[in-house]
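Below is the file final-v3.cif, which contains mmCIF, C-alpha atoms.
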```cif
data_data
#
loop_
_atom_site.label_atom_id
_atom_site.label_comp_id
_atom_site.auth_asym_id
_atom_site.auth_seq_id
_atom_site.Cartn_x
_atom_site.Cartn_y
_atom_site.Cartn_z
CA MET Y 3 0.00 0.00 0.00
CA ARG Y 4 1.27 3.42 -0.91
CA HIS Y 5 0.87 6.26 1.61
CA ALA Y 6 0.61 9.82 0.38
CA SER Y 7 2.25 11.28 3.47
CA ALA Y 8 5.54 9.72 2.49
CA ASN Y 9 5.80 10.94 -1.06
CA TRP Y 10 3.41 13.83 -1.74
CA TRP Y 11 6.05 16.55 -1.42
CA PRO Y 12 8.44 15.46 -4.20
CA SER Y 13 5.63 14.90 -6.67
CA TYR Y 14 3.93 18.19 -5.77
CA VAL Y 15 7.16 20.16 -6.12
CA GLY Y 16 7.93 18.38 -9.38
CA LEU Y 17 4.55 19.27 -10.86
CA SER Y 18 4.81 22.90 -9.71
CA LEU Y 19 8.29 23.29 -11.19
CA ALA Y 20 7.12 21.67 -14.42
CA LEU Y 21 4.23 24.12 -14.68
CA VAL Y 22 6.47 27.12 -14.09
CA ALA Y 23 9.11 25.88 -16.53
CA MET Y 24 6.51 25.20 -19.22
CA LEU Y 25 5.08 28.68 -18.77
CA LEU Y 26 8.48 30.33 -19.06
CA ILE Y 27 9.36 28.32 -22.16
CA LEU Y 28 6.08 29.17 -23.85
CA ASP Y 29 6.10 32.84 -22.94
CA GLY Y 30 9.81 33.34 -23.55
CA LEU Y 31 10.66 36.97 -23.22
CA SER Y 32 7.15 38.22 -23.93
CA PHE Y 33 6.36 39.42 -20.39
CA GLY Y 34 5.77 43.15 -20.46
CA GLN Y 35 5.83 43.25 -24.27
CA ASP Y 36 3.22 43.04 -26.96
CA ASP Y 37 3.39 40.67 -29.90
CA SER Y 38 5.57 43.09 -31.89
CA GLY Y 39 8.15 43.25 -29.11
CA THR Y 40 7.39 46.80 -27.97
CA SER Y 41 6.87 47.64 -24.33
CA VAL Y 42 3.28 47.88 -23.12
CA SER Y 43 1.62 49.03 -19.93
CA SER Y 44 1.01 46.39 -17.26
CA SER Y 45 -1.97 48.17 -15.75
CA GLY Y 46 -4.32 45.41 -16.85
CA SER Y 47 -7.78 45.61 -18.36
CA SER Y 48 -11.28 45.64 -16.98
CA SER Y 49 -12.52 43.18 -19.57
CA GLN Y 50 -11.41 40.23 -21.63
CA SER Y 51 -8.84 41.15 -24.28
CA SER Y 52 -9.33 40.58 -27.98
CA SER Y 53 -8.16 36.98 -27.69
CA ASP Y 54 -10.63 34.31 -28.70
CA GLU Y 55 -12.73 33.43 -25.62
CA ASN Y 56 -13.45 29.99 -27.07
CA LEU Y 57 -9.73 29.25 -27.10
CA MET Y 58 -8.79 30.96 -23.84
CA PRO Y 59 -11.88 31.19 -21.61
CA MET Y 60 -11.69 33.37 -18.52
CA PRO Y 61 -10.87 31.53 -15.27
CA ASN Y 62 -13.43 31.42 -12.49
CA SER Y 63 -13.09 33.91 -9.66
CA ILE Y 64 -12.11 32.33 -6.33
CA ASP Y 65 -14.33 34.95 -4.70
CA THR Y 66 -17.58 34.03 -6.50
CA ASP Y 67 -16.75 30.92 -8.61
CA LEU Y 68 -18.13 32.82 -11.62
CA PRO Y 69 -16.04 33.97 -14.62
CA LEU Y 70 -13.41 36.55 -13.70
CA ARG Y 71 -14.66 39.31 -15.99
CA VAL Y 72 -13.13 42.24 -14.06
CA VAL Y 73 -9.37 42.17 -13.46
CA SER Y 74 -8.52 45.83 -12.84
CA SER Y 75 -9.69 48.62 -10.53
CA PRO Y 76 -8.58 52.18 -9.71
CA LEU Y 77 -6.80 50.77 -6.64
CA ARG Y 78 -3.90 49.08 -8.41
CA TRP Y 79 -0.15 48.78 -8.29
CA GLY Y 80 1.14 47.87 -11.74
CA SER Y 81 -0.85 44.76 -12.70
CA PHE Y 82 -2.04 44.16 -9.11
CA SER Y 83 -5.59 45.38 -8.43
CA LEU Y 84 -7.70 45.37 -5.27
CA LEU Y 85 -11.18 44.30 -6.40
CA SER Y 86 -12.94 44.09 -3.02
CA LEU Y 87 -12.41 44.70 0.68
CA SER Y 88 -14.77 43.62 3.47
CA ALA Y 89 -14.93 44.30 7.21
CA TYR Y 90 -17.52 42.67 9.44
CA GLN Y 91 -18.49 41.78 12.99
CA GLY Y 92 -20.05 38.49 13.94
CA TYR Y 93 -21.23 35.97 16.49
CA ASP Y 94 -20.49 32.23 16.20
CA THR Y 95 -22.20 29.59 18.33
CA ASN Y 96 -19.47 26.98 17.76
CA PRO Y 97 -16.38 28.55 16.12
CA ARG Y 98 -14.15 25.48 16.53
CA THR Y 99 -16.89 22.92 15.72
CA THR Y 100 -16.15 21.00 18.93
CA GLN Y 101 -18.34 18.66 20.96
CA SER Y 102 -18.80 21.17 23.76
CA SER Y 103 -19.72 24.20 21.68
CA GLY Y 104 -18.64 27.59 23.01
CA SER Y 105 -19.91 30.77 21.43
CA SER Y 106 -17.58 33.61 20.45
CA GLU Y 107 -17.71 37.10 19.02
CA PHE Y 108 -15.28 38.01 16.26
CA SER Y 109 -14.24 40.73 13.86
CA ALA Y 110 -12.74 40.04 10.45
CA LEU Y 111 -11.13 41.69 7.45
CA ASN Y 112 -10.62 40.10 4.06
CA ALA Y 113 -9.60 41.27 0.61
CA PHE Y 114 -9.62 40.04 -2.97
CA LEU Y 115 -6.64 40.91 -5.18
CA VAL Y 116 -5.92 40.04 -8.79
CA TYR Y 117 -2.74 40.22 -10.87
CA SER Y 118 -3.65 39.94 -14.53
CA ILE Y 119 -1.92 40.32 -17.90
CA ARG Y 120 -3.97 39.80 -21.09
CA ARG Y 121 -2.33 39.59 -24.51
CA SER Y 122 -3.52 38.36 -27.89
CA LEU Y 123 -1.55 35.09 -27.65
CA TRP Y 124 -1.27 34.50 -23.91
CA GLU Y 125 -2.93 35.37 -20.61
CA LEU Y 126 -1.92 35.19 -16.96
CA ASP Y 127 -4.19 35.59 -13.92
CA LEU Y 128 -3.17 35.34 -10.26
CA GLN Y 129 -5.88 35.64 -7.59
CA TYR Y 130 -5.31 35.99 -3.87
CA GLU Y 131 -7.64 36.23 -0.85
CA PRO Y 132 -5.94 37.05 2.49
CA SER Y 133 -7.86 37.49 5.74
CA VAL Y 134 -7.39 38.40 9.40
CA VAL Y 135 -9.72 37.35 12.23
CA PHE Y 136 -9.86 39.01 15.65
CA SER Y 137 -11.54 37.10 18.48
CA PRO Y 138 -11.12 37.22 22.29
CA GLY Y 139 -7.62 35.91 22.93
CA ILE Y 140 -7.11 34.98 19.26
CA LEU Y 141 -5.52 36.70 16.31
CA ALA Y 142 -5.80 34.25 13.41
CA LYS Y 143 -3.84 35.53 10.43
CA ASN Y 144 -4.07 33.67 7.18
CA LEU Y 145 -1.72 35.81 5.12
CA THR Y 146 -0.66 32.82 2.99
CA GLY Y 147 -4.17 33.04 1.57
CA ASN Y 148 -7.57 31.64 2.26
CA ALA Y 149 -7.36 30.88 -1.39
CA ALA Y 150 -4.88 31.53 -4.18
CA ASP Y 151 -5.28 30.66 -7.83
CA PHE Y 152 -2.83 30.88 -10.74
CA GLN Y 153 -3.96 30.38 -14.33
CA ALA Y 154 -1.99 30.90 -17.56
CA ALA Y 155 -2.99 30.12 -21.14
CA ARG Y 156 -0.99 30.21 -24.37
CA ARG Y 157 -2.28 29.95 -27.94
CA LEU Y 158 -0.01 27.47 -29.70
CA SER Y 159 -1.69 27.84 -33.10
CA ALA Y 160 -4.93 28.99 -34.65
CA THR Y 161 -6.80 26.12 -32.94
CA TRP Y 162 -4.53 24.73 -30.19
CA THR Y 163 -4.27 26.20 -26.68
CA LEU Y 164 -2.24 25.12 -23.67
CA ALA Y 165 -3.38 26.12 -20.16
CA VAL Y 166 -1.59 25.52 -16.86
CA GLY Y 167 -2.84 26.34 -13.41
CA GLU Y 168 -2.36 25.99 -9.66
CA ASN Y 169 -5.15 26.32 -7.08
CA PHE Y 170 -4.29 26.56 -3.39
CA ARG Y 171 -6.66 26.75 -0.44
CA TYR Y 172 -5.88 26.79 3.26
CA SER Y 173 -8.66 26.82 5.83
CA PRO Y 174 -7.12 27.06 9.30
CA ASN Y 175 -8.51 25.29 12.34
CA LEU Y 176 -9.36 28.55 14.10
CA GLN Y 177 -12.59 30.50 13.78
CA SER Y 178 -14.75 28.47 11.44
CA SER Y 179 -16.94 31.58 11.30
CA ILE Y 180 -15.44 32.65 7.98
CA GLN Y 181 -13.04 29.88 6.96
CA GLY Y 182 -13.41 26.24 6.04
CA ASN Y 183 -17.19 25.95 5.83
CA GLY Y 184 -17.81 25.56 2.12
CA LEU Y 185 -16.58 24.80 -1.36
CA ALA Y 186 -18.13 26.31 -4.47
CA LEU Y 187 -20.13 24.44 -7.10
CA ASN Y 188 -20.88 26.22 -10.37
CA LEU Y 189 -24.33 25.34 -11.70
CA GLY Y 190 -23.58 27.05 -15.01
CA GLY Y 191 -25.31 30.00 -16.58
CA GLY Y 192 -23.98 32.41 -13.99
CA ILE Y 193 -25.21 30.47 -10.92
CA SER Y 194 -22.89 29.27 -8.16
CA VAL Y 195 -23.71 27.63 -4.81
CA GLN Y 196 -21.72 26.65 -1.74
CA ILE Y 197 -21.46 23.05 -0.57
CA PRO Y 198 -20.76 22.11 3.07
CA PHE Y 199 -17.57 20.52 4.26
CA LEU Y 200 -18.15 17.16 5.93
CA GLN Y 201 -15.02 17.65 8.01
CA SER Y 202 -15.26 17.96 11.79
CA ASN Y 203 -12.56 19.51 13.97
CA GLU Y 204 -10.09 19.64 11.10
CA SER Y 205 -8.15 22.23 9.15
CA LEU Y 206 -7.78 21.85 5.40
CA LEU Y 207 -4.90 22.30 2.98
CA LEU Y 208 -5.86 21.68 -0.64
CA ASP Y 209 -3.58 22.19 -3.63
CA THR Y 210 -4.22 21.22 -7.25
CA GLY Y 211 -2.01 21.67 -10.31
CA THR Y 212 -3.46 21.28 -13.81
CA VAL Y 213 -2.30 21.07 -17.44
CA ILE Y 214 -4.96 21.22 -20.19
CA LEU Y 215 -4.40 20.98 -23.95
CA SER Y 216 -7.40 21.93 -26.10
CA ASP Y 217 -8.10 21.91 -29.83
CA ARG Y 218 -10.93 23.67 -31.62
CA LEU Y 219 -11.79 21.07 -34.22
CA SER Y 220 -14.36 23.27 -35.97
CA SER Y 221 -16.60 26.24 -35.27
CA THR Y 222 -18.98 23.93 -33.40
CA SER Y 223 -16.72 21.28 -31.82
CA SER Y 224 -13.67 21.08 -29.58
CA MET Y 225 -11.51 18.52 -27.80
CA THR Y 226 -9.56 18.69 -24.52
CA VAL Y 227 -6.93 16.50 -22.86
CA GLY Y 228 -6.01 17.24 -19.27
CA VAL Y 229 -3.87 16.04 -16.35
CA ASP Y 230 -4.05 17.28 -12.77
CA GLN Y 231 -2.48 16.37 -9.47
CA SER Y 232 -3.96 17.21 -6.05
CA TYR Y 233 -2.73 17.09 -2.50
CA ILE Y 234 -5.11 17.20 0.49
CA ARG Y 235 -4.17 17.41 4.15
CA LEU Y 236 -6.74 17.27 6.97
CA ALA Y 237 -5.34 17.95 10.44
CA PRO Y 238 -7.03 18.04 13.90
CA SER Y 239 -8.13 21.38 15.25
CA ILE Y 240 -6.57 23.06 18.25
CA GLY Y 241 -8.45 22.61 21.52
CA VAL Y 242 -10.10 19.27 20.74
CA ASP Y 243 -9.85 16.45 23.28
CA LYS Y 244 -6.61 14.72 22.24
CA LEU Y 245 -7.97 11.33 23.30
CA ARG Y 246 -10.77 11.60 20.73
CA GLN Y 247 -9.34 13.75 17.97
CA LEU Y 248 -8.97 12.38 14.48
CA PRO Y 249 -5.55 11.55 13.02
CA VAL Y 250 -3.87 13.61 10.32
CA THR Y 251 -4.96 12.43 6.87
CA ASP Y 252 -2.91 13.01 3.72
CA ALA Y 253 -4.23 12.16 0.28
CA GLU Y 254 -2.62 12.50 -3.12
CA SER Y 255 -4.50 11.96 -6.38
CA THR Y 256 -3.67 12.08 -10.09
CA ASN Y 257 -6.36 12.53 -12.70
CA ALA Y 258 -6.26 12.18 -16.49
CA SER Y 259 -9.21 13.19 -18.65
CA PHE Y 260 -10.39 13.42 -22.24
CA GLY Y 261 -13.35 15.46 -23.42
CA TYR Y 262 -15.27 16.23 -26.60
CA SER Y 263 -17.84 19.00 -26.98
CA ARG Y 264 -20.17 19.86 -29.85
CA THR Y 265 -22.65 22.72 -30.20
CA ILE Y 266 -25.84 22.02 -32.15
CA GLY Y 267 -27.68 25.13 -33.19
CA SER Y 268 -28.08 27.96 -30.70
CA ARG Y 269 -29.74 25.96 -27.92
CA ASP Y 270 -28.00 22.59 -27.54
CA THR Y 271 -24.56 21.42 -26.51
CA LEU Y 272 -23.42 17.80 -26.29
CA ASN Y 273 -20.39 16.68 -24.27
CA ALA Y 274 -18.61 13.37 -23.73
CA THR Y 275 -15.83 12.87 -21.16
CA TYR Y 276 -13.69 10.08 -19.76
CA ASP Y 277 -11.79 10.46 -16.48
CA TYR Y 278 -9.29 8.19 -14.76
CA ARG Y 279 -8.28 8.98 -11.19
CA ALA Y 280 -5.83 7.26 -8.84
CA GLN Y 281 -5.91 8.24 -5.15
CA PHE Y 282 -3.45 7.35 -2.40
CA ALA Y 283 -4.45 8.12 1.21
CA SER Y 284 -2.58 7.70 4.48
CA SER Y 285 -5.79 6.49 6.16
CA ALA Y 286 -7.23 2.99 6.09
CA ILE Y 287 -8.64 3.71 2.62
CA GLY Y 288 -5.20 3.36 1.09
CA ALA Y 289 -5.22 3.25 -2.71
CA ALA Y 290 -8.41 3.78 -4.73
CA GLN Y 291 -9.02 4.00 -8.49
CA TYR Y 292 -11.87 5.43 -10.59
CA HIS Y 293 -12.91 5.11 -14.24
CA VAL Y 294 -15.77 7.49 -15.07
CA THR Y 295 -17.48 7.94 -18.45
CA THR Y 296 -20.02 10.73 -18.84
CA GLY Y 297 -22.30 12.02 -21.56
CA SER Y 298 -24.14 15.31 -21.12
CA TRP Y 299 -26.73 17.47 -22.84
CA GLU Y 300 -27.22 21.18 -22.19
CA HIS Y 301 -30.37 22.78 -23.58
CA ILE Y 302 -31.79 26.29 -23.51
CA LEU Y 303 -35.54 25.77 -23.11
CA THR Y 304 -36.40 29.46 -23.44
CA PRO Y 305 -34.28 32.62 -23.14
CA GLY Y 306 -33.08 32.55 -19.54
CA LEU Y 307 -34.20 28.98 -18.78
CA ARG Y 308 -31.44 26.32 -18.95
CA LEU Y 309 -31.61 22.57 -18.42
CA SER Y 310 -28.73 20.09 -18.39
CA PHE Y 311 -28.45 16.33 -17.91
CA SER Y 312 -25.30 14.27 -17.54
CA GLY Y 313 -24.67 10.68 -16.59
CA GLY Y 314 -22.80 7.48 -17.15
CA PRO Y 315 -21.15 4.53 -15.42
CA GLY Y 316 -18.52 4.86 -12.75
CA PHE Y 317 -16.17 1.92 -12.10
CA PHE Y 318 -14.12 2.16 -8.94
CA ASP Y 319 -11.82 0.10 -6.74
CA SER Y 320 -12.49 1.30 -3.19
CA GLY Y 321 -9.13 0.04 -1.93
CA GLY Y 322 -8.81 -0.83 1.73
CA ILE Y 323 -9.14 -4.45 2.79
CA SER Y 324 -11.84 -5.47 0.28
CA ASN Y 325 -10.01 -4.18 -2.80
CA GLN Y 326 -12.99 -4.94 -5.06
CA TRP Y 327 -14.16 -3.22 -8.24
CA ARG Y 328 -17.68 -1.81 -8.08
CA THR Y 329 -20.05 -0.13 -10.53
CA THR Y 330 -22.34 2.83 -9.92
CA LEU Y 331 -24.27 5.44 -11.85
CA GLN Y 332 -23.09 9.03 -11.63
CA GLY Y 333 -24.08 12.34 -13.18
CA SER Y 334 -26.15 15.45 -12.56
CA VAL Y 335 -29.38 17.29 -13.30
CA GLN Y 336 -29.43 21.09 -13.24
CA LEU Y 337 -32.17 23.62 -13.91
CA GLY Y 338 -31.40 27.34 -13.90
CA ARG Y 339 -33.65 30.32 -14.49
CA SER Y 340 -32.45 33.87 -15.12
CA TYR Y 341 -35.08 36.56 -14.92
CA ARG Y 342 -35.13 40.34 -14.88
CA ASN Y 343 -34.45 40.65 -11.15
CA GLY Y 344 -32.15 37.71 -10.50
CA ASP Y 345 -31.40 33.99 -10.84
CA VAL Y 346 -32.66 30.77 -9.31
CA GLY Y 347 -31.11 27.32 -9.68
CA ILE Y 348 -31.71 23.77 -8.48
CA ALA Y 349 -29.32 20.86 -8.93
CA PHE Y 350 -28.60 17.25 -8.05
CA SER Y 351 -25.24 15.60 -8.66
CA ARG Y 352 -23.52 12.31 -7.87
CA ASN Y 353 -19.74 12.28 -8.21
CA ASN Y 354 -16.45 11.42 -6.52
CA SER Y 355 -15.33 15.01 -5.90
CA PHE Y 356 -13.70 16.02 -2.62
CA ASN Y 357 -16.19 17.62 -0.24
CA GLY Y 358 -14.33 17.79 3.04
CA VAL Y 359 -13.65 14.13 3.76
CA VAL Y 360 -11.20 11.81 2.01
CA SER Y 361 -13.45 9.12 0.59
CA ASN Y 362 -13.17 6.08 -1.66
CA SER Y 363 -16.73 6.19 -2.98
CA PHE Y 364 -19.30 8.54 -4.52
CA GLY Y 365 -21.49 11.15 -2.88
CA ASN Y 366 -24.89 12.76 -3.57
CA HIS Y 367 -25.36 16.52 -3.51
CA TYR Y 368 -28.62 18.50 -3.55
CA ALA Y 369 -28.56 22.28 -3.97
CA LEU Y 370 -30.91 25.23 -4.24
CA ASN Y 371 -29.79 28.76 -4.98
CA LEU Y 372 -31.64 32.12 -5.13
CA ASP Y 373 -30.24 35.53 -6.04
CA HIS Y 374 -32.94 38.23 -6.15
CA HIS Y 375 -32.75 42.01 -6.58
CA PHE Y 376 -35.77 43.71 -4.96
CA THR Y 377 -34.56 47.07 -6.24
CA SER Y 378 -31.39 48.34 -7.91
CA ARG Y 379 -29.93 48.75 -4.40
CA VAL Y 380 -31.46 45.91 -2.33
CA ARG Y 381 -30.35 42.34 -2.99
CA PHE Y 382 -31.12 39.01 -1.28
CA PHE Y 383 -29.06 35.84 -1.68
CA ALA Y 384 -29.99 32.43 -0.24
CA ASN Y 385 -28.39 29.01 -0.59
CA TYR Y 386 -29.20 25.51 0.64
CA SER Y 387 -26.96 22.46 0.16
CA TYR Y 388 -27.19 18.89 1.41
CA ILE Y 389 -24.58 16.15 0.93
CA GLN Y 390 -24.66 12.39 1.46
CA GLN Y 391 -21.24 10.75 1.36
CA GLN Y 392 -20.28 7.10 1.80
CA VAL Y 393 -16.82 6.15 3.05
CA SER Y 394 -15.07 2.79 3.37
CA GLY Y 395 -16.71 0.53 5.93
CA GLY Y 396 -20.24 1.75 5.26
CA HIS Y 397 -19.96 4.99 7.30
CA ASN Y 398 -22.50 7.41 5.87
CA LEU Y 399 -21.74 11.09 6.42
CA THR Y 400 -24.17 13.93 5.81
CA GLY Y 401 -23.76 17.68 5.78
CA THR Y 402 -26.16 20.63 5.57
CA LEU Y 403 -25.30 24.24 4.78
CA ALA Y 404 -27.94 26.98 4.62
CA SER Y 405 -27.37 30.71 4.38
CA ALA Y 406 -29.25 33.94 3.75
CA GLN Y 407 -27.62 37.29 3.01
CA PRO Y 408 -29.43 40.59 2.43
CA SER Y 409 -27.38 43.55 1.20
CA TRP Y 410 -27.97 47.22 0.40
CA MET Y 411 -25.93 49.18 -2.11
CA VAL Y 412 -25.17 52.51 -0.48
CA SER Y 413 -23.41 53.67 -3.65
CA ARG Y 414 -21.98 52.16 -6.83
CA ASN Y 415 -19.05 50.63 -4.92
CA TRP Y 416 -20.12 50.50 -1.25
CA SER Y 417 -22.62 48.15 0.38
CA VAL Y 418 -23.68 46.99 3.82
CA PHE Y 419 -24.73 43.39 4.40
CA GLY Y 420 -25.80 40.85 6.94
CA GLU Y 421 -25.71 37.06 6.91
CA VAL Y 422 -27.17 34.13 8.80
CA ARG Y 423 -25.49 30.78 8.20
CA TYR Y 424 -26.20 27.26 9.51
CA LEU Y 425 -23.80 24.32 9.22
CA ALA Y 426 -24.38 20.77 10.49
CA THR Y 427 -22.53 17.48 9.93
CA HIS Y 428 -23.61 14.03 11.09
CA GLY Y 429 -22.31 10.49 11.08
CA SER Y 430 -18.65 11.18 11.86
CA ASP Y 431 -16.71 9.37 14.57
CA PHE Y 432 -18.36 11.55 17.22
CA SER Y 433 -21.26 13.98 17.16
CA ILE Y 434 -20.55 17.69 16.61
CA PRO Y 435 -23.14 20.35 17.51
CA SER Y 436 -24.40 22.49 14.67
CA ASP Y 437 -22.75 25.82 13.98
CA LYS Y 438 -24.75 29.03 13.55
CA ILE Y 439 -23.05 32.25 12.45
CA TYR Y 440 -24.48 35.76 12.41
CA THR Y 441 -22.53 38.58 10.73
CA ALA Y 442 -22.98 42.19 9.66
CA GLY Y 443 -20.48 44.33 7.81
CA VAL Y 444 -19.51 46.74 5.08
CA ARG Y 445 -17.95 45.94 1.70
CA TRP Y 446 -16.17 47.92 -0.99
CA SER Y 447 -16.22 46.27 -4.41
CA TRP Y 448 -15.09 47.79 -7.69
CA VAL Y 449 -17.88 47.97 -10.27
CA PRO Y 450 -16.72 49.24 -13.67
CA GLU Y 451 -18.62 51.97 -15.46
CA LYS Y 452 -21.33 50.74 -17.80
CA PRO Y 453 -20.48 51.08 -21.52
#
```
Translate the structure described by the file into structure tokens.
Amino acid sequence: MRHASANWWPSYVGLSLALVAMLLILDGLSFGQDDSGTSVSSSGSSSQSSSDENLMPMPNSIDTDLPLRVVSSPLRWGSFSLLSLSAYQGYDTNPRTTQSSGSSEFSALNAFLVYSIRRSLWELDLQYEPSVVFSPGILAKNLTGNAADFQAARRLSATWTLAVGENFRYSPNLQSSIQGNGLALNLGGGISVQIPFLQSNESLLLDTGTVILSDRLSSTSSMTVGVDQSYIRLAPSIGVDKLRQLPVTDAESTNASFGYSRTIGSRDTLNATYDYRAQFASSAIGAAQYHVTTGSWEHILTPGLRLSFSGGPGFFDSGGISNQWRTTLQGSVQLGRSYRNGDVGIAFSRNNSFNGVVSNSFGNHYALNLDHHFTSRVRFFANYSYIQQQVSGGHNLTGTLASAQPSWMVSRNWSVFGEVRYLATHGSDFSIPSDKIYTAGVRWSWVPEKP
């Protein structure tokens, strides 16, 4: 049995160095120059450059999980721009998600910064979200980043594009009020929801490096080949009873994928993908393997109403003691509606994605999302997510995350907001009380002038 804790570091460093080296080779001496070799300004742009969006699509924002359409603001230093800054006060009924919950007040600051360079043949985007939390007796600084994301794309020819990326997330084991409670799931069509972590009393370190080669076969079809490598580390929280706390879990996984996409008319898109994933965990799960084949159909029913289906077989070796191959159905159903004053989306998915616990099986996710603008200044956002996850040995874990956030735009760039959030996990090695968080704060966010 191979244990990730013994060998994750060399492979992670090797992949990171390979990504950097590949980027430097492809870009050569083009940094700070245009395609003719003359010097250009590095102040960035507030919109996508003239490069073909089908070849080099914009990365998703780590702040909203929606396309990063704005990369520059008046508050910038060279190509670095501050896109948002938030300050808020809150009350948490169980900040450390421990058995004996103890409430706590807290204050927090967080920012969203972007470094972006857009050229006709290559693009580079670096996103960074630092935060600081103040609580009685605690100053939890996460200056290495709640989340950091690096994406670079290079057009190799008229149809071929190479993209490399690195996504890093660290959720410390202090003050769960703002960190470590959710991962984003993009429903498509401009709708994103949060899914709950199933972890209890654990901090999270998640890092993923990717390489994707894509080819536009025709005006209506494209092909992609990708490889990614991920490292996950779950560690016990501070202050938990050491006799009952969970051990450190390291997991390393490598994924290879192939995809084909074809657009039919203006309303339909067909996709076919194959994914192979090998996972090595330091826990009793050990080594696990997955073969997943998926076909999907995306259809625009009416302007603003989108429906998508995907599904196929999943073959997996759960590892552990049994070491047996199993078959399951996996896929998703999503329905999204955009209307004049907002968006609403509902989704179900079954997949083997990481959702806060290192697993060797598939999980079910149910989600509902509402984003409504009562007026041009008053907005209401609500989200509900429920997860069912099976782990080796038949342990079923469930997680629920519900939130509601009203906000009022004081001006074009300033808003005040409040939030109520509920998080509950069940079925772990020991019961953890639910966590309820109440916050109120002020936010500055750059909104570009309308054309």
> Once the PyMOL selection byres ((chain Y and resi 412-424) around 6) has been applied to the shown file, what residues remain in the selection, as a list in words?
Replying inline: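 What the PyMOL selection byres ((chain Y and resi 412-424) around 6) grabs from the file is Leu403, Ala404, Ser405, Ala406, Gln407, Pro408, Ser409, Trp410, Met411, Leu425, Asp437, Lys438, Ile439, Tyr440, Thr441, Ala442, Gly443, Val444, Arg445, Trp446, Ser447 and Trp448 of chain Y.
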> Of the candidates Y:Leu158, Y:Ala349, Y:Val380, Y:Leu208, which shows the shortest atom-to-atom distance to Leu337 (chain Y), using all atoms listed in the file?
Replying inline: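 Between Y:Leu158, Y:Ala349, Y:Val380, Y:Leu208, the residue approaching Leu337 (chain Y) most closely is Y:Ala349.
Once the PyMOL selection byres ((chain Y and resi 218) around 10) is applied to the depicted file, the selected set reads Asn56, Leu57, Ala160, Thr161, Trp162, Thr163, Ser216, Asp217, Leu219, Ser220, Ser221, Thr222, Ser223, Ser224, Met225, Thr226, Tyr262 and Ser263 of chain Y.
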Please produce a file of the residues just selected, as a PDB file, in the frame of the given file, where the atoms kept are C-alpha atoms.
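Contents of the output file selection_4.pdb:
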```pdb
ATOM      1  CA  ASN Y  56     -13.450  29.990 -27.070  1.00  0.00           C
ATOM      2  CA  LEU Y  57      -9.730  29.250 -27.100  1.00  0.00           C
ATOM      3  CA  ALA Y 160      -4.930  28.990 -34.650  1.00  0.00           C
ATOM      4  CA  THR Y 161      -6.800  26.120 -32.940  1.00  0.00           C
ATOM      5  CA  TRP Y 162      -4.530  24.730 -30.190  1.00  0.00           C
ATOM      6  CA  THR Y 163      -4.270  26.200 -26.680  1.00  0.00           C
ATOM      7  CA  SER Y 216      -7.400  21.930 -26.100  1.00  0.00           C
ATOM      8  CA  ASP Y 217      -8.100  21.910 -29.830  1.00  0.00           C
ATOM      9  CA  LEU Y 219     -11.790  21.070 -34.220  1.00  0.00           C
ATOM     10  CA  SER Y 220     -14.360  23.270 -35.970  1.00  0.00           C
ATOM     11  CA  SER Y 221     -16.600  26.240 -35.270  1.00  0.00           C
ATOM     12  CA  THR Y 222     -18.980  23.930 -33.400  1.00  0.00           C
ATOM     13  CA  SER Y 223     -16.720  21.280 -31.820  1.00  0.00           C
ATOM     14  CA  SER Y 224     -13.670  21.080 -29.580  1.00  0.00           C
ATOM     15  CA  MET Y 225     -11.510  18.520 -27.800  1.00  0.00           C
ATOM     16  CA  THR Y 226      -9.560  18.690 -24.520  1.00  0.00           C
ATOM     17  CA  TYR Y 262     -15.270  16.230 -26.600  1.00  0.00           C
ATOM     18  CA  SER Y 263     -17.840  19.000 -26.980  1.00  0.00           C
TER      19      SER Y 263
END
```
> Please, what distance in Å, to one decimal, runs between CA of Tyr368 (chain Y) and CA of Phe382 (chain Y)?
Replying inline: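 Here the two named atoms are 20.8 Å from each other.
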Hey, what's within 8 Å of Thr210 (chain Y) if we count only C-alpha atoms and toss same-chain stuff fewer than 4 positions away? As a CSV table (one decimal) with C-alpha atoms, in the frame of the given file, please?
```csv
chain,number,residue,atom,x,y,z
Y,168,GLU,CA,-2.4,26.0,-9.7
Y,169,ASN,CA,-5.2,26.3,-7.1
Y,170,PHE,CA,-4.3,26.6,-3.4
Y,230,ASP,CA,-4.0,17.3,-12.8
Y,231,GLN,CA,-2.5,16.4,-9.5
Y,232,SER,CA,-4.0,17.2,-6.0
Y,233,TYR,CA,-2.7,17.1,-2.5
```
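Closest to Gly338 (chain Y) among Y:Asp252, Y:Gly313, Y:Arg308, Y:His367 is Y:Arg308, based on all atoms listed in the file.
Picture a line from CA of Gly261 (chain Y) to CA of Leu307 (chain Y); it runs 25.3 Å.
Using all atoms listed in the file, the nearest neighbour of Phe364 (chain Y) within the list Y:Ser378, Y:Thr330, Y:Gln129, Y:Ser387 is Y:Thr330.
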>> Assuming the chain letters and numbering stay as they are in my file, what does the PyMOL selection byres ((chain Y and resi 315-318) around 8) actually select? List them as a VMD selection string.
In response: chain Y and resid 290 to 296 313 to 314 319 to 320 327 to 332 363
>> Please list as a PyMOL selection string every residue within 9 Å of region 272-285 of chain Y, counting all atoms listed in the file and excluding residues in the same chain fewer than 5 positions away.
In response: chain Y and resi 3-8+249-266+290-301+312+360+362
> To one decimal place, how far is CA of Arg121 (chain Y) from CA of Leu77 (chain Y) in Å?
Replying inline: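 A separation of 21.5 Å between them.
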